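The structure file final-v3.csv is reproduced below (CSV, C-alpha atoms).
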chain,number,residue,atom,x,y,z
L,1,ALA,CA,-19.7,15.2,-30.4
L,2,GLY,CA,-15.9,15.1,-29.9
L,3,THR,CA,-14.7,12.6,-32.6
L,4,GLY,CA,-11.2,12.2,-31.2
L,5,ASN,CA,-9.4,9.3,-32.8
L,6,GLY,CA,-12.8,7.8,-33.9
L,7,SER,CA,-12.7,4.7,-31.8
L,8,LEU,CA,-16.2,5.3,-30.2
L,9,THR,CA,-17.5,6.3,-33.7
L,10,LEU,CA,-16.5,2.9,-35.1
L,11,HIS,CA,-18.0,1.1,-32.1
L,12,LEU,CA,-21.3,3.0,-32.7
L,13,ALA,CA,-21.2,2.4,-36.4
L,14,ARG,CA,-20.8,-1.4,-35.8
L,15,ALA,CA,-23.8,-1.2,-33.4
L,16,VAL,CA,-26.2,0.5,-35.7
L,17,GLY,CA,-25.2,-1.6,-38.7
L,18,SER,CA,-25.8,-0.8,-42.4
L,19,SER,CA,-29.4,0.4,-41.7
L,20,GLY,CA,-28.3,3.1,-39.2
L,21,ARG,CA,-26.3,6.3,-39.3
L,22,VAL,CA,-23.7,7.8,-37.0
L,23,HIS,CA,-23.0,11.6,-37.1
L,24,THR,CA,-19.7,12.5,-35.5
L,25,VAL,CA,-18.8,16.1,-34.9
L,26,GLU,CA,-15.3,17.6,-34.3
L,27,ARG,CA,-14.2,21.2,-34.1
L,28,ASN,CA,-10.6,20.6,-35.2
L,29,PRO,CA,-10.5,19.7,-39.0
L,30,ASP,CA,-7.1,17.9,-38.7
L,31,THR,CA,-8.5,15.7,-35.9
L,32,SER,CA,-11.6,14.9,-37.9
L,33,ALA,CA,-9.5,14.0,-41.0
L,34,HIS,CA,-7.2,11.8,-39.0
L,35,ALA,CA,-10.2,9.9,-37.5
L,36,LYS,CA,-11.7,9.4,-40.9
L,37,MET,CA,-8.4,8.0,-42.2
L,38,LEU,CA,-8.2,5.6,-39.3
L,39,ALA,CA,-11.8,4.5,-39.9
L,40,GLY,CA,-11.0,3.9,-43.5
L,41,ARG,CA,-8.2,1.6,-42.5
L,42,PHE,CA,-10.3,-0.4,-40.0
L,43,GLN,CA,-11.5,-3.6,-41.7
L,44,ARG,CA,-10.8,-2.0,-45.1
L,45,GLY,CA,-13.3,0.8,-44.5
L,46,ARG,CA,-16.3,-1.5,-44.0
L,47,LEU,CA,-18.0,0.9,-41.5
L,48,LEU,CA,-17.4,4.1,-43.4
L,49,GLY,CA,-20.8,3.9,-45.1
L,50,SER,CA,-22.5,4.2,-41.8
L,51,VAL,CA,-20.6,7.3,-40.6
L,52,ALA,CA,-20.9,11.0,-41.5
L,53,PHE,CA,-17.9,13.1,-40.4
L,54,HIS,CA,-18.7,16.7,-39.6
L,55,VAL,CA,-16.4,19.7,-38.8
L,56,GLY,CA,-17.7,22.6,-36.8
L,57,GLU,CA,-19.9,23.5,-33.8
L,58,LEU,CA,-22.6,21.0,-32.8
L,59,SER,CA,-25.4,23.6,-33.3
L,60,GLU,CA,-24.3,24.2,-36.9
L,61,VAL,CA,-24.2,20.5,-37.7
L,62,PHE,CA,-27.6,19.9,-36.0
L,63,SER,CA,-29.1,22.6,-38.2
L,64,LYS,CA,-27.9,20.9,-41.3
L,65,ILE,CA,-29.2,17.4,-40.5
L,66,ASP,CA,-32.7,16.7,-41.8
L,67,GLY,CA,-35.4,16.9,-39.2
L,68,SER,CA,-37.5,20.1,-39.6
L,69,ASN,CA,-41.2,20.1,-39.6
L,70,GLY,CA,-42.9,20.7,-42.9
L,71,PRO,CA,-46.3,22.4,-43.5
L,72,SER,CA,-48.1,19.1,-43.1
L,73,SER,CA,-46.6,18.2,-39.7
L,74,GLN,CA,-48.9,17.0,-37.0
L,75,ASN,CA,-48.4,20.0,-34.8
L,76,GLY,CA,-48.7,22.5,-37.7
L,77,LEU,CA,-45.4,24.2,-36.9
L,78,VAL,CA,-43.1,25.0,-39.8
L,79,GLY,CA,-39.3,25.0,-39.4
L,80,GLU,CA,-39.3,23.7,-35.9
L,81,PRO,CA,-36.5,21.0,-35.5
L,82,LEU,CA,-37.8,17.6,-34.8
L,83,PRO,CA,-36.1,14.9,-32.6
L,84,VAL,CA,-34.2,12.7,-35.0
L,85,PHE,CA,-31.5,11.0,-32.8
L,86,ASP,CA,-31.9,7.7,-31.0
L,87,ALA,CA,-28.8,8.4,-28.9
L,88,ILE,CA,-26.3,11.2,-28.3
L,89,ALA,CA,-22.8,11.0,-26.9
L,90,LEU,CA,-20.9,14.1,-25.7
L,91,ASP,CA,-17.2,14.0,-25.0
L,92,MET,CA,-16.4,17.6,-24.3
L,93,PRO,CA,-15.4,19.8,-21.3
L,94,ALA,CA,-18.7,21.5,-20.9
L,95,PRO,CA,-21.5,19.3,-22.2
L,96,TRP,CA,-24.2,21.3,-20.3
L,97,THR,CA,-23.8,24.1,-22.9
L,98,GLN,CA,-25.4,21.7,-25.4
L,99,LEU,CA,-28.4,20.6,-23.3
L,100,PRO,CA,-30.9,22.8,-25.2
L,101,LEU,CA,-29.9,21.1,-28.4
L,102,VAL,CA,-30.0,17.6,-26.8
L,103,ALA,CA,-33.4,18.2,-25.4
L,104,GLN,CA,-34.6,19.4,-28.8
L,105,ARG,CA,-33.1,16.8,-31.1
L,106,LEU,CA,-33.1,13.6,-28.9
L,107,ARG,CA,-36.1,11.4,-29.1
L,108,THR,CA,-38.2,10.8,-26.1
L,109,ASP,CA,-37.1,7.9,-23.9
L,110,ARG,CA,-33.7,7.8,-25.5
L,111,PHE,CA,-30.3,8.4,-23.9
L,112,CYS,CA,-27.6,11.0,-23.9
L,113,VAL,CA,-24.2,9.9,-22.4
L,114,CYS,CA,-21.6,12.4,-21.3
L,115,TYR,CA,-17.9,11.5,-20.7
L,116,LEU,CA,-16.3,13.6,-18.0
L,117,PRO,CA,-13.0,13.2,-16.2
L,118,ASN,CA,-13.8,15.3,-13.1
L,119,MET,CA,-16.6,15.1,-10.5
L,120,SER,CA,-16.9,18.9,-10.5
L,121,GLN,CA,-18.0,18.6,-14.1
L,122,VAL,CA,-20.5,16.0,-13.2
L,123,ILE,CA,-22.0,18.2,-10.6
L,124,ASP,CA,-22.3,21.1,-13.0
L,125,LEU,CA,-24.0,18.9,-15.6
L,126,VAL,CA,-26.5,17.6,-13.1
L,127,ARG,CA,-27.4,21.1,-11.9
L,128,GLU,CA,-27.9,22.3,-15.5
L,129,CYS,CA,-30.2,19.4,-16.3
L,130,ARG,CA,-33.0,20.7,-14.0
L,131,PRO,CA,-34.8,23.0,-16.5
L,132,TRP,CA,-34.7,20.4,-19.3
L,133,PRO,CA,-36.6,17.2,-19.8
L,134,LEU,CA,-33.5,15.2,-19.1
L,135,ARG,CA,-33.4,12.8,-16.2
L,136,VAL,CA,-30.1,11.7,-14.6
L,137,GLU,CA,-30.3,7.9,-14.5
L,138,ASP,CA,-26.8,6.8,-13.8
L,139,VAL,CA,-23.4,8.2,-12.9
L,140,LEU,CA,-20.7,5.5,-13.3
L,141,GLU,CA,-17.0,5.7,-12.7
L,142,VAL,CA,-14.8,4.0,-15.3
L,143,GLN,CA,-11.8,2.5,-13.6
L,144,TRP,CA,-8.6,0.9,-14.8
L,145,ARG,CA,-8.0,-2.4,-13.0
L,146,SER,CA,-5.2,-4.8,-14.0
L,147,TRP,CA,-5.6,-8.6,-13.6
L,148,ASP,CA,-3.0,-11.3,-13.2
L,149,VAL,CA,-3.8,-14.1,-15.6
L,150,ARG,CA,-1.0,-16.7,-16.0
L,151,THR,CA,-0.1,-20.3,-15.4
L,152,THR,CA,1.5,-21.5,-12.2
L,153,VAL,CA,2.7,-24.7,-10.6
L,154,VAL,CA,0.3,-26.2,-8.1
L,155,ARG,CA,2.1,-27.2,-4.9
L,156,SER,CA,-0.8,-28.8,-3.1
L,157,GLY,CA,-1.6,-31.2,-5.8
L,158,ASN,CA,-5.1,-29.9,-6.3
L,159,ASN,CA,-5.7,-28.9,-10.0
L,160,PHE,CA,-8.2,-26.0,-9.9
L,161,SER,CA,-9.0,-24.8,-13.5
L,162,GLY,CA,-5.8,-26.3,-14.7
L,163,ASP,CA,-4.6,-28.6,-17.5
L,164,PRO,CA,-6.0,-32.1,-17.1
L,165,GLU,CA,-3.0,-33.5,-18.9
L,166,ASN,CA,-0.6,-31.7,-16.6
L,167,PRO,CA,-2.1,-31.7,-13.1
L,168,ASP,CA,0.9,-29.7,-11.7
L,169,VAL,CA,-0.1,-26.6,-13.8
L,170,ALA,CA,-3.1,-24.4,-13.1
L,171,MET,CA,-4.3,-20.9,-14.0
L,172,VAL,CA,-4.1,-17.8,-11.8
L,173,CYS,CA,-6.9,-15.3,-12.6
L,174,ARG,CA,-7.1,-12.5,-10.0
L,175,PRO,CA,-6.8,-8.7,-9.7
L,176,THR,CA,-3.3,-7.4,-9.2
L,177,HIS,CA,-2.3,-5.7,-6.0
L,178,THR,CA,-1.8,-2.4,-7.7
L,179,PRO,CA,-4.3,0.4,-6.9
L,180,ALA,CA,-7.2,0.8,-9.3
L,181,GLY,CA,-6.8,3.8,-11.5
L,182,HIS,CA,-9.5,6.4,-12.4
L,183,THR,CA,-10.2,7.3,-16.0
L,184,ALA,CA,-13.5,9.2,-16.1
L,185,PHE,CA,-17.2,9.3,-15.2
L,186,LEU,CA,-20.1,8.4,-17.5
L,187,VAL,CA,-23.3,10.3,-16.9
L,188,LYS,CA,-26.4,8.8,-18.5
L,189,LEU,CA,-29.4,11.1,-19.2
L,190,ARG,CA,-32.8,9.9,-20.3
L,191,LYS,CA,-35.0,12.2,-22.4
L,192,CYS,CA,-38.4,12.6,-20.7
L,193,ALA,CA,-41.7,14.0,-22.1
L,194,ALA,CA,-41.4,17.0,-19.7
L,195,PRO,CA,-39.0,18.2,-17.0
L,196,ARG,CA,-39.4,16.1,-13.9
L,197,SER,CA,-40.7,18.0,-10.9
L,198,ASP,CA,-38.3,16.1,-8.5
L,199,GLN,CA,-35.3,17.4,-10.4
L,200,ALA,CA,-36.2,21.0,-9.9
L,201,ALA,CA,-34.6,22.7,-6.9
L,202,GLU,CA,-37.2,23.6,-4.3
L,203,PRO,CA,-37.3,27.3,-3.6
L,204,GLU,CA,-36.2,28.3,-0.1
L,205,GLN,CA,-39.0,29.5,2.0
L,206,GLU,CA,-38.5,32.3,4.5
L,207,PRO,CA,-39.4,31.2,8.1
L,208,GLU,CA,-42.8,32.5,9.3
L,209,PRO,CA,-42.4,35.2,12.0
L,210,GLU,CA,-43.2,34.0,15.5
L,211,PRO,CA,-46.3,35.4,17.1
L,212,GLU,CA,-45.6,38.2,19.5
L,213,THR,CA,-46.0,37.4,23.1
L,214,PRO,CA,-48.1,40.0,24.9
L,215,ALA,CA,-46.2,41.8,27.6
L,216,ALA,CA,-47.2,41.1,31.2
L,217,SER,CA,-48.6,44.1,33.0

structure tokens encoding of this file:
Amino acid sequence: AGTGNGSLTLHLARAVGSSGRVHTVERNPDTSAHAKMLAGRFQRGRLLGSVAFHVGELSEVFSKIDGSNGPSSQNGLVGEPLPVFDAIALDMPAPWTQLPLVAQRLRTDRFCVCYLPNMSQVIDLVRECRPWPLRVEDVLEVQWRSWDVRTTVVRSGNNFSGDPENPDVAMVCRPTHTPAGHTAFLVKLRKCAAPRSDQAAEPEQEPEPEPETPAAS
């Protein structure tokens, strides 16, 4: 959810291949149309067959995707949505609002990944996961780090990873001295069979009253 320019959509489409299916959801119809155009231009539209572009709210799109129980379902329930997704990626300001849908439509032992720029959003997401069968497995910071990769003249005469035909030339491969930049956080959630007891906040217990000391006569 959150198509954007469609770069992640194309990456996922290449990962699932021709036998898989990627559903990408975007609220802005112009943004979705632009992403679809870019996907059609990438490798002559080779991946378009694996992608379904949707416009609207995530709940509306989920309700249209096939995955409801029929009368002959194992649990006997009719019309209850079944888990149909092997993975879900949420790129939105408040992904915790979609946790009920994620818990309902994500298959057990599969992952939901949320892309968030601020740590305050990460904290809100972790708090809201407690009532749902979603375990927080990893919180990773995605950083931007520049590297200095170039040829240089070796002054000492030692040719480390250089050109064997030109021993005076070697390669420099090291991070630059500029500070590493922050882009966002990736929060990985795993769907469990039931909410984990260690994720639930323990209720605060009131201290027991101290026994009264009998007054000395």

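Of the residues under consideration (L:Val102, L:Leu10, L:Ala180, L:Val22), L:Leu10 shows the shortest atom-to-atom contact distance to Leu38 (chain L) when counting all atoms listed in the file.
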
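Look at region 27-35 of chain L: the protein and nucleic acid residues within 10 Å of it, using only C-alpha atoms and passing over chain neighbours fewer than 6 places away, are Ala1, Gly2, Thr3, Gly4, Asn5, Gly6, Ser7, Thr9, Leu10, Arg41, Phe53, His54, Val55, Gly56, Glu57 and Leu58 of chain L.
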
Selection to disk with C-alpha atoms, as a JSON list (two decimals), in the coordinates of the input:
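To be explicit, this is the file written out as out.json:
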[["chain", "number", "residue", "atom", "x", "y", "z"],
["L", 1, "ALA", "CA", -19.70, 15.20, -30.40],
["L", 2, "GLY", "CA", -15.90, 15.10, -29.90],
["L", 3, "THR", "CA", -14.70, 12.60, -32.60],
["L", 4, "GLY", "CA", -11.20, 12.20, -31.20],
["L", 5, "ASN", "CA", -9.40, 9.30, -32.80],
["L", 6, "GLY", "CA", -12.80, 7.80, -33.90],
["L", 7, "SER", "CA", -12.70, 4.70, -31.80],
["L", 9, "THR", "CA", -17.50, 6.30, -33.70],
["L", 10, "LEU", "CA", -16.50, 2.90, -35.10],
["L", 41, "ARG", "CA", -8.20, 1.60, -42.50],
["L", 53, "PHE", "CA", -17.90, 13.10, -40.40],
["L", 54, "HIS", "CA", -18.70, 16.70, -39.60],
["L", 55, "VAL", "CA", -16.40, 19.70, -38.80],
["L", 56, "GLY", "CA", -17.70, 22.60, -36.80],
["L", 57, "GLU", "CA", -19.90, 23.50, -33.80],
["L", 58, "LEU", "CA", -22.60, 21.00, -32.80]]

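Among L:Trp96, L:Phe42, L:Trp132, L:Tyr115, the residue with the shortest atom-to-atom distance to Thr183 (chain L), counting all atoms listed in the file, is L:Tyr115.
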
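Closest approach to Ala184 (chain L) from the set L:Leu116, L:Val149, L:Val136, L:Cys129 is made by L:Leu116, with distances taken over all atoms listed in the file.
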
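Across the model, the gap from CA of Ala89 (chain L) to CA of Ala103 (chain L) is 12.9 Å.
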